[in-house]
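Q: The structure's right below; bear with me while I get my questions together.
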Amino acid sequence: MKSLDLFFLLLSVLSTVGGQLFLKLGADKLAPLLEQLSWGTFMGLLKIPELLVGLGFYTLAAVTYILLLSRVPLSIAAPSVSLVHVFSVLLGYFVFHESIPLSRLLGLGLIMAGVILVVAQKPELS
């Protein structure tokens with residue numbers, strides 16, 4: 001993977017994680033709005049800045065993922081963005097003080113190993 005490809009991958013992953021962070025922060029403010037489901041509830045979503053910022057991050061993530069797809073095979077790009085799961089768990093731990101059980105740590109290790117195996121390219125024998 002070339003350095004620009006890696007840049008697009010990391011920007012897409014980090015933008016997705018940023019989107020998740022802000023959507024979670026916005027979702028935590030939703031409880032009062034959800035007591036009554038109505039058109040006003042939907043419009044209230046548009047008044048929560050964290051949700052709008054989260055959607056902005058997701059837009060950036062989509063654009064950078066499209067740029068990544070224009071440069072690398074889908075069979076490399078798609079598995080590589082599973083790093084979002086690793087960063088999301090770490091975000092949950094450090095920002096929202098969520099626990100990380102051993103089984104989840106093992107799963108994250110498997111995800112990281114899988115991404116390394118998918119992205120690593122062996123030199124072709126001639």
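Scheme for the structure tokens: letters A, B, ... for chains in order shown; per-chain residue numbers from 1; ligand numbers from 1 in order shown.
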Tell me which protein, DNA and RNA residues are within 12 Å of region 112-117 of chain A, counting only C-alpha atoms, leaving out same-chain ones fewer than 2 positions away, and put them as a PDB file with C-alpha atoms, in the first residue's frame.
A:
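This went into out-v2.pdb:
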ATOM      1  CA  MET A   1       0.000   0.000   0.000  1.00  0.00           C
ATOM      2  CA  LEU A   9      -7.275   4.686   4.734  1.00  0.00           C
ATOM      3  CA  SER A  75     -10.462  -6.813  -1.297  1.00  0.00           C
ATOM      4  CA  ILE A  76      -7.829  -4.716   0.503  1.00  0.00           C
ATOM      5  CA  ALA A  77      -9.793  -1.535   1.264  1.00  0.00           C
ATOM      6  CA  ALA A  78     -12.884  -3.113   2.822  1.00  0.00           C
ATOM      7  CA  PRO A  79     -11.111  -5.361   5.341  1.00  0.00           C
ATOM      8  CA  SER A  80      -8.716  -2.553   6.223  1.00  0.00           C
ATOM      9  CA  VAL A  81     -11.467  -0.244   7.411  1.00  0.00           C
ATOM     10  CA  SER A  82     -12.344  -2.828  10.053  1.00  0.00           C
ATOM     11  CA  LEU A  83      -9.719  -0.968  12.082  1.00  0.00           C
ATOM     12  CA  VAL A  84     -12.683   1.269  12.944  1.00  0.00           C
ATOM     13  CA  HIS A  85     -13.749  -1.450  15.398  1.00  0.00           C
ATOM     14  CA  VAL A  86     -10.389  -1.326  17.164  1.00  0.00           C
ATOM     15  CA  PHE A  87     -10.397   2.457  17.502  1.00  0.00           C
ATOM     16  CA  LEU A 105      -9.273  -7.651  23.560  1.00  0.00           C
ATOM     17  CA  LEU A 106      -8.659 -10.989  21.875  1.00  0.00           C
ATOM     18  CA  GLY A 107     -11.162 -10.103  19.175  1.00  0.00           C
ATOM     19  CA  LEU A 108      -9.445  -6.770  18.573  1.00  0.00           C
ATOM     20  CA  GLY A 109      -6.129  -8.576  18.286  1.00  0.00           C
ATOM     21  CA  LEU A 110      -7.599 -10.892  15.667  1.00  0.00           C
ATOM     22  CA  VAL A 119      -2.640  -5.394   3.580  1.00  0.00           C
ATOM     23  CA  ALA A 120       0.809  -6.997   3.641  1.00  0.00           C
ATOM     24  CA  GLN A 121       2.015  -7.870   0.179  1.00  0.00           C
ATOM     25  CA  LYS A 122       4.616 -10.497  -0.479  1.00  0.00           C
TER      26      LYS A 122
END
Q: With distances taken over only C-alpha atoms, which residue among A:Phe22, A:Phe8, A:Phe96, A:Phe42 lies nearest Ala62 (chain A)?
A: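 Using only C-alpha atoms, the shortest distance to Ala62 (chain A) belongs to A:Phe8.
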Q: Pick from A:Leu74, A:Leu68, A:Ile111, A:Leu90: nearest to Phe7 (chain A), with only C-alpha atoms counted?
A: A:Leu68
Q: Using only C-alpha atoms, which of A:Thr64, A:Ser3, A:Ser103, A:Ser15 sits nearest Ser88 (chain A)?
A: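 Among the listed residues, A:Ser15 lies closest to Ser88 (chain A).
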Q: CA of Glu50 (chain A) and CA of Leu25 (chain A), how far apart in Å?
A: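 Distance reported for this atom pair: 6.2 Å.
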Q: Could you check the closest approach to Leu4 (chain A) for each of A:Leu21, A:Ala31, A:Val53, A:Val72 and tell me which residue wins, using only C-alpha atoms?
A: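 The answer is A:Val72, which sits nearest to Leu4 (chain A).
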Q: Give the helix (DSSP H, G or I) residues of region 1-84 of chain A, as assigned by DSSP on the backbone, as a PDB file with N, CA and C atoms, in the first residue's frame.
A:
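That gives us part-v3.pdb:
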ATOM      1  N   SER A   3       1.957   5.329   0.275  1.00  0.00           N
ATOM      2  CA  SER A   3       1.733   6.256   1.393  1.00  0.00           C
ATOM      3  C   SER A   3       0.440   7.066   1.234  1.00  0.00           C
ATOM      4  N   LEU A   4       0.077   7.471   0.015  1.00  0.00           N
ATOM      5  CA  LEU A   4      -1.174   8.203  -0.166  1.00  0.00           C
ATOM      6  C   LEU A   4      -2.376   7.298   0.104  1.00  0.00           C
ATOM      7  N   ASP A   5      -2.255   6.025  -0.289  1.00  0.00           N
ATOM      8  CA  ASP A   5      -3.325   5.061  -0.001  1.00  0.00           C
ATOM      9  C   ASP A   5      -3.500   4.904   1.503  1.00  0.00           C
ATOM     10  N   LEU A   6      -2.388   4.796   2.205  1.00  0.00           N
ATOM     11  CA  LEU A   6      -2.426   4.669   3.663  1.00  0.00           C
ATOM     12  C   LEU A   6      -3.036   5.916   4.302  1.00  0.00           C
ATOM     13  N   PHE A   7      -2.708   7.087   3.749  1.00  0.00           N
ATOM     14  CA  PHE A   7      -3.293   8.336   4.239  1.00  0.00           C
ATOM     15  C   PHE A   7      -4.814   8.308   4.096  1.00  0.00           C
ATOM     16  N   PHE A   8      -5.308   7.929   2.913  1.00  0.00           N
ATOM     17  CA  PHE A   8      -6.756   7.863   2.692  1.00  0.00           C
ATOM     18  C   PHE A   8      -7.397   6.843   3.624  1.00  0.00           C
ATOM     19  N   LEU A   9      -6.735   5.712   3.831  1.00  0.00           N
ATOM     20  CA  LEU A   9      -7.275   4.686   4.734  1.00  0.00           C
ATOM     21  C   LEU A   9      -7.380   5.227   6.153  1.00  0.00           C
ATOM     22  N   LEU A  10      -6.303   5.805   6.650  1.00  0.00           N
ATOM     23  CA  LEU A  10      -6.311   6.305   8.029  1.00  0.00           C
ATOM     24  C   LEU A  10      -7.293   7.462   8.200  1.00  0.00           C
ATOM     25  N   LEU A  11      -7.378   8.346   7.210  1.00  0.00           N
ATOM     26  CA  LEU A  11      -8.321   9.450   7.306  1.00  0.00           C
ATOM     27  C   LEU A  11      -9.759   8.938   7.308  1.00  0.00           C
ATOM     28  N   SER A  12     -10.035   7.935   6.493  1.00  0.00           N
ATOM     29  CA  SER A  12     -11.375   7.354   6.470  1.00  0.00           C
ATOM     30  C   SER A  12     -11.705   6.693   7.807  1.00  0.00           C
ATOM     31  N   VAL A  13     -10.769   5.928   8.337  1.00  0.00           N
ATOM     32  CA  VAL A  13     -10.985   5.237   9.615  1.00  0.00           C
ATOM     33  C   VAL A  13     -11.154   6.250  10.746  1.00  0.00           C
ATOM     34  N   LEU A  14     -10.259   7.213  10.827  1.00  0.00           N
ATOM     35  CA  LEU A  14     -10.324   8.188  11.927  1.00  0.00           C
ATOM     36  C   LEU A  14     -11.552   9.087  11.801  1.00  0.00           C
ATOM     37  N   SER A  15     -11.964   9.403  10.576  1.00  0.00           N
ATOM     38  CA  SER A  15     -13.183  10.193  10.396  1.00  0.00           C
ATOM     39  C   SER A  15     -14.409   9.406  10.840  1.00  0.00           C
ATOM     40  N   THR A  16     -14.421   8.117  10.539  1.00  0.00           N
ATOM     41  CA  THR A  16     -15.535   7.273  10.984  1.00  0.00           C
ATOM     42  C   THR A  16     -15.588   7.216  12.500  1.00  0.00           C
ATOM     43  N   VAL A  17     -14.440   7.049  13.127  1.00  0.00           N
ATOM     44  CA  VAL A  17     -14.383   7.004  14.591  1.00  0.00           C
ATOM     45  C   VAL A  17     -14.790   8.352  15.178  1.00  0.00           C
ATOM     46  N   GLY A  18     -14.363   9.442  14.551  1.00  0.00           N
ATOM     47  CA  GLY A  18     -14.796  10.768  15.000  1.00  0.00           C
ATOM     48  C   GLY A  18     -16.306  10.912  14.887  1.00  0.00           C
ATOM     49  N   GLY A  19     -16.866  10.399  13.798  1.00  0.00           N
ATOM     50  CA  GLY A  19     -18.316  10.417  13.633  1.00  0.00           C
ATOM     51  C   GLY A  19     -19.016   9.638  14.727  1.00  0.00           C
ATOM     52  N   GLN A  20     -18.472   8.477  15.063  1.00  0.00           N
ATOM     53  CA  GLN A  20     -19.070   7.682  16.130  1.00  0.00           C
ATOM     54  C   GLN A  20     -19.011   8.406  17.468  1.00  0.00           C
ATOM     55  N   LEU A  21     -17.889   9.068  17.722  1.00  0.00           N
ATOM     56  CA  LEU A  21     -17.751   9.820  18.974  1.00  0.00           C
ATOM     57  C   LEU A  21     -18.841  10.884  19.087  1.00  0.00           C
ATOM     58  N   PHE A  22     -18.992  11.689  18.046  1.00  0.00           N
ATOM     59  CA  PHE A  22     -19.955  12.784  18.121  1.00  0.00           C
ATOM     60  C   PHE A  22     -21.399  12.288  18.063  1.00  0.00           C
ATOM     61  N   LEU A  23     -21.660  11.212  17.330  1.00  0.00           N
ATOM     62  CA  LEU A  23     -23.021  10.666  17.343  1.00  0.00           C
ATOM     63  C   LEU A  23     -23.375  10.127  18.721  1.00  0.00           C
ATOM     64  N   LYS A  24     -22.421   9.514  19.389  1.00  0.00           N
ATOM     65  CA  LYS A  24     -22.664   9.025  20.752  1.00  0.00           C
ATOM     66  C   LYS A  24     -22.911  10.194  21.709  1.00  0.00           C
ATOM     67  N   LEU A  25     -22.091  11.239  21.583  1.00  0.00           N
ATOM     68  CA  LEU A  25     -22.295  12.415  22.442  1.00  0.00           C
ATOM     69  C   LEU A  25     -23.668  13.033  22.189  1.00  0.00           C
ATOM     70  N   GLY A  26     -24.072  13.097  20.939  1.00  0.00           N
ATOM     71  CA  GLY A  26     -25.387  13.626  20.608  1.00  0.00           C
ATOM     72  C   GLY A  26     -26.505  12.714  21.060  1.00  0.00           C
ATOM     73  N   ALA A  27     -26.302  11.408  20.899  1.00  0.00           N
ATOM     74  CA  ALA A  27     -27.328  10.441  21.303  1.00  0.00           C
ATOM     75  C   ALA A  27     -27.575  10.499  22.806  1.00  0.00           C
ATOM     76  N   ALA A  31     -32.378  11.656  25.195  1.00  0.00           N
ATOM     77  CA  ALA A  31     -33.382  11.104  26.106  1.00  0.00           C
ATOM     78  C   ALA A  31     -34.610  11.997  26.278  1.00  0.00           C
ATOM     79  N   PRO A  32     -34.448  13.278  26.524  1.00  0.00           N
ATOM     80  CA  PRO A  32     -35.652  14.119  26.679  1.00  0.00           C
ATOM     81  C   PRO A  32     -36.481  14.188  25.387  1.00  0.00           C
ATOM     82  N   LEU A  33     -35.828  14.159  24.241  1.00  0.00           N
ATOM     83  CA  LEU A  33     -36.555  14.240  22.973  1.00  0.00           C
ATOM     84  C   LEU A  33     -37.332  12.965  22.671  1.00  0.00           C
ATOM     85  N   LEU A  34     -36.841  11.834  23.161  1.00  0.00           N
ATOM     86  CA  LEU A  34     -37.456  10.555  22.824  1.00  0.00           C
ATOM     87  C   LEU A  34     -38.691  10.230  23.648  1.00  0.00           C
ATOM     88  N   TRP A  39     -42.880  14.675  14.784  1.00  0.00           N
ATOM     89  CA  TRP A  39     -42.084  15.414  13.811  1.00  0.00           C
ATOM     90  C   TRP A  39     -41.123  16.355  14.530  1.00  0.00           C
ATOM     91  N   GLY A  40     -41.560  16.890  15.641  1.00  0.00           N
ATOM     92  CA  GLY A  40     -40.704  17.766  16.440  1.00  0.00           C
ATOM     93  C   GLY A  40     -39.476  17.037  16.961  1.00  0.00           C
ATOM     94  N   THR A  41     -39.638  15.744  17.248  1.00  0.00           N
ATOM     95  CA  THR A  41     -38.496  14.944  17.694  1.00  0.00           C
ATOM     96  C   THR A  41     -37.447  14.895  16.599  1.00  0.00           C
ATOM     97  N   PHE A  42     -37.901  14.634  15.376  1.00  0.00           N
ATOM     98  CA  PHE A  42     -36.967  14.582  14.250  1.00  0.00           C
ATOM     99  C   PHE A  42     -36.286  15.935  14.059  1.00  0.00           C
ATOM    100  N   MET A  43     -37.052  16.997  14.096  1.00  0.00           N
ATOM    101  CA  MET A  43     -36.478  18.330  13.928  1.00  0.00           C
ATOM    102  C   MET A  43     -35.529  18.670  15.076  1.00  0.00           C
ATOM    103  N   GLY A  44     -35.817  18.125  16.262  1.00  0.00           N
ATOM    104  CA  GLY A  44     -34.942  18.329  17.411  1.00  0.00           C
ATOM    105  C   GLY A  44     -33.569  17.715  17.199  1.00  0.00           C
ATOM    106  N   LEU A  45     -33.513  16.643  16.429  1.00  0.00           N
ATOM    107  CA  LEU A  45     -32.222  16.021  16.125  1.00  0.00           C
ATOM    108  C   LEU A  45     -31.302  17.000  15.398  1.00  0.00           C
ATOM    109  N   PRO A  49     -25.901  19.901  18.090  1.00  0.00           N
ATOM    110  CA  PRO A  49     -24.674  20.134  17.316  1.00  0.00           C
ATOM    111  C   PRO A  49     -23.794  18.889  17.170  1.00  0.00           C
ATOM    112  N   GLU A  50     -23.742  18.072  18.219  1.00  0.00           N
ATOM    113  CA  GLU A  50     -22.885  16.886  18.164  1.00  0.00           C
ATOM    114  C   GLU A  50     -23.328  15.936  17.052  1.00  0.00           C
ATOM    115  N   LEU A  51     -24.641  15.821  16.854  1.00  0.00           N
ATOM    116  CA  LEU A  51     -25.127  14.946  15.787  1.00  0.00           C
ATOM    117  C   LEU A  51     -24.738  15.484  14.413  1.00  0.00           C
ATOM    118  N   LEU A  52     -24.815  16.786  14.237  1.00  0.00           N
ATOM    119  CA  LEU A  52     -24.437  17.390  12.960  1.00  0.00           C
ATOM    120  C   LEU A  52     -22.935  17.235  12.699  1.00  0.00           C
ATOM    121  N   VAL A  53     -22.136  17.415  13.737  1.00  0.00           N
ATOM    122  CA  VAL A  53     -20.687  17.226  13.591  1.00  0.00           C
ATOM    123  C   VAL A  53     -20.394  15.762  13.261  1.00  0.00           C
ATOM    124  N   GLY A  54     -21.078  14.850  13.936  1.00  0.00           N
ATOM    125  CA  GLY A  54     -20.898  13.429  13.649  1.00  0.00           C
ATOM    126  C   GLY A  54     -21.223  13.090  12.206  1.00  0.00           C
ATOM    127  N   LEU A  55     -22.311  13.646  11.690  1.00  0.00           N
ATOM    128  CA  LEU A  55     -22.668  13.413  10.290  1.00  0.00           C
ATOM    129  C   LEU A  55     -21.625  14.017   9.351  1.00  0.00           C
ATOM    130  N   GLY A  56     -21.055  15.143   9.740  1.00  0.00           N
ATOM    131  CA  GLY A  56     -19.979  15.740   8.948  1.00  0.00           C
ATOM    132  C   GLY A  56     -18.760  14.830   8.877  1.00  0.00           C
ATOM    133  N   PHE A  57     -18.416  14.241  10.014  1.00  0.00           N
ATOM    134  CA  PHE A  57     -17.296  13.292  10.033  1.00  0.00           C
ATOM    135  C   PHE A  57     -17.595  12.085   9.144  1.00  0.00           C
ATOM    136  N   TYR A  58     -18.822  11.590   9.196  1.00  0.00           N
ATOM    137  CA  TYR A  58     -19.184  10.453   8.350  1.00  0.00           C
ATOM    138  C   TYR A  58     -19.122  10.818   6.870  1.00  0.00           C
ATOM    139  N   THR A  59     -19.453  12.052   6.528  1.00  0.00           N
ATOM    140  CA  THR A  59     -19.344  12.493   5.140  1.00  0.00           C
ATOM    141  C   THR A  59     -17.887  12.495   4.701  1.00  0.00           C
ATOM    142  N   LEU A  60     -17.014  13.041   5.553  1.00  0.00           N
ATOM    143  CA  LEU A  60     -15.581  13.026   5.249  1.00  0.00           C
ATOM    144  C   LEU A  60     -15.075  11.593   5.107  1.00  0.00           C
ATOM    145  N   ALA A  61     -15.534  10.713   5.984  1.00  0.00           N
ATOM    146  CA  ALA A  61     -15.116   9.313   5.915  1.00  0.00           C
ATOM    147  C   ALA A  61     -15.542   8.682   4.597  1.00  0.00           C
ATOM    148  N   ALA A  62     -16.756   8.962   4.150  1.00  0.00           N
ATOM    149  CA  ALA A  62     -17.242   8.396   2.892  1.00  0.00           C
ATOM    150  C   ALA A  62     -16.429   8.909   1.709  1.00  0.00           C
ATOM    151  N   VAL A  63     -16.140  10.198   1.698  1.00  0.00           N
ATOM    152  CA  VAL A  63     -15.369  10.772   0.585  1.00  0.00           C
ATOM    153  C   VAL A  63     -13.968  10.175   0.539  1.00  0.00           C
ATOM    154  N   THR A  64     -13.305  10.075   1.686  1.00  0.00           N
ATOM    155  CA  THR A  64     -11.950   9.520   1.689  1.00  0.00           C
ATOM    156  C   THR A  64     -11.964   8.032   1.366  1.00  0.00           C
ATOM    157  N   TYR A  65     -13.022   7.327   1.738  1.00  0.00           N
ATOM    158  CA  TYR A  65     -13.122   5.900   1.386  1.00  0.00           C
ATOM    159  C   TYR A  65     -13.301   5.744  -0.128  1.00  0.00           C
ATOM    160  N   ILE A  66     -14.076   6.615  -0.733  1.00  0.00           N
ATOM    161  CA  ILE A  66     -14.235   6.579  -2.192  1.00  0.00           C
ATOM    162  C   ILE A  66     -12.887   6.822  -2.866  1.00  0.00           C
ATOM    163  N   LEU A  67     -12.126   7.792  -2.350  1.00  0.00           N
ATOM    164  CA  LEU A  67     -10.789   8.043  -2.900  1.00  0.00           C
ATOM    165  C   LEU A  67      -9.891   6.827  -2.728  1.00  0.00           C
ATOM    166  N   LEU A  68      -9.994   6.168  -1.590  1.00  0.00           N
ATOM    167  CA  LEU A  68      -9.215   4.950  -1.355  1.00  0.00           C
ATOM    168  C   LEU A  68      -9.610   3.861  -2.352  1.00  0.00           C
ATOM    169  N   LEU A  69     -10.918   3.694  -2.565  1.00  0.00           N
ATOM    170  CA  LEU A  69     -11.388   2.674  -3.503  1.00  0.00           C
ATOM    171  C   LEU A  69     -10.936   2.953  -4.931  1.00  0.00           C
ATOM    172  N   LEU A  74     -10.879  -3.457  -3.762  1.00  0.00           N
ATOM    173  CA  LEU A  74     -11.883  -3.574  -2.703  1.00  0.00           C
ATOM    174  C   LEU A  74     -11.483  -4.648  -1.701  1.00  0.00           C
ATOM    175  N   SER A  75     -10.852  -5.705  -2.177  1.00  0.00           N
ATOM    176  CA  SER A  75     -10.462  -6.813  -1.297  1.00  0.00           C
ATOM    177  C   SER A  75      -9.397  -6.403  -0.282  1.00  0.00           C
ATOM    178  N   ILE A  76      -8.779  -5.252  -0.481  1.00  0.00           N
ATOM    179  CA  ILE A  76      -7.829  -4.716   0.503  1.00  0.00           C
ATOM    180  C   ILE A  76      -8.484  -3.589   1.294  1.00  0.00           C
ATOM    181  N   ALA A  77      -9.201  -2.709   0.603  1.00  0.00           N
ATOM    182  CA  ALA A  77      -9.793  -1.535   1.264  1.00  0.00           C
ATOM    183  C   ALA A  77     -10.841  -1.930   2.299  1.00  0.00           C
ATOM    184  N   ALA A  78     -11.769  -2.786   1.923  1.00  0.00           N
ATOM    185  CA  ALA A  78     -12.884  -3.113   2.822  1.00  0.00           C
ATOM    186  C   ALA A  78     -12.418  -3.768   4.124  1.00  0.00           C
ATOM    187  N   PRO A  79     -11.569  -4.795   4.062  1.00  0.00           N
ATOM    188  CA  PRO A  79     -11.111  -5.361   5.341  1.00  0.00           C
ATOM    189  C   PRO A  79     -10.282  -4.381   6.172  1.00  0.00           C
ATOM    190  N   SER A  80      -9.579  -3.488   5.502  1.00  0.00           N
ATOM    191  CA  SER A  80      -8.716  -2.553   6.223  1.00  0.00           C
ATOM    192  C   SER A  80      -9.508  -1.579   7.078  1.00  0.00           C
ATOM    193  N   LEU A  83     -10.453  -1.598  10.982  1.00  0.00           N
ATOM    194  CA  LEU A  83      -9.719  -0.968  12.082  1.00  0.00           C
ATOM    195  C   LEU A  83     -10.608  -0.003  12.852  1.00  0.00           C
ATOM    196  N   VAL A  84     -11.710   0.421  12.250  1.00  0.00           N
ATOM    197  CA  VAL A  84     -12.683   1.269  12.944  1.00  0.00           C
ATOM    198  C   VAL A  84     -13.119   0.591  14.240  1.00  0.00           C
TER     199      VAL A  84
END
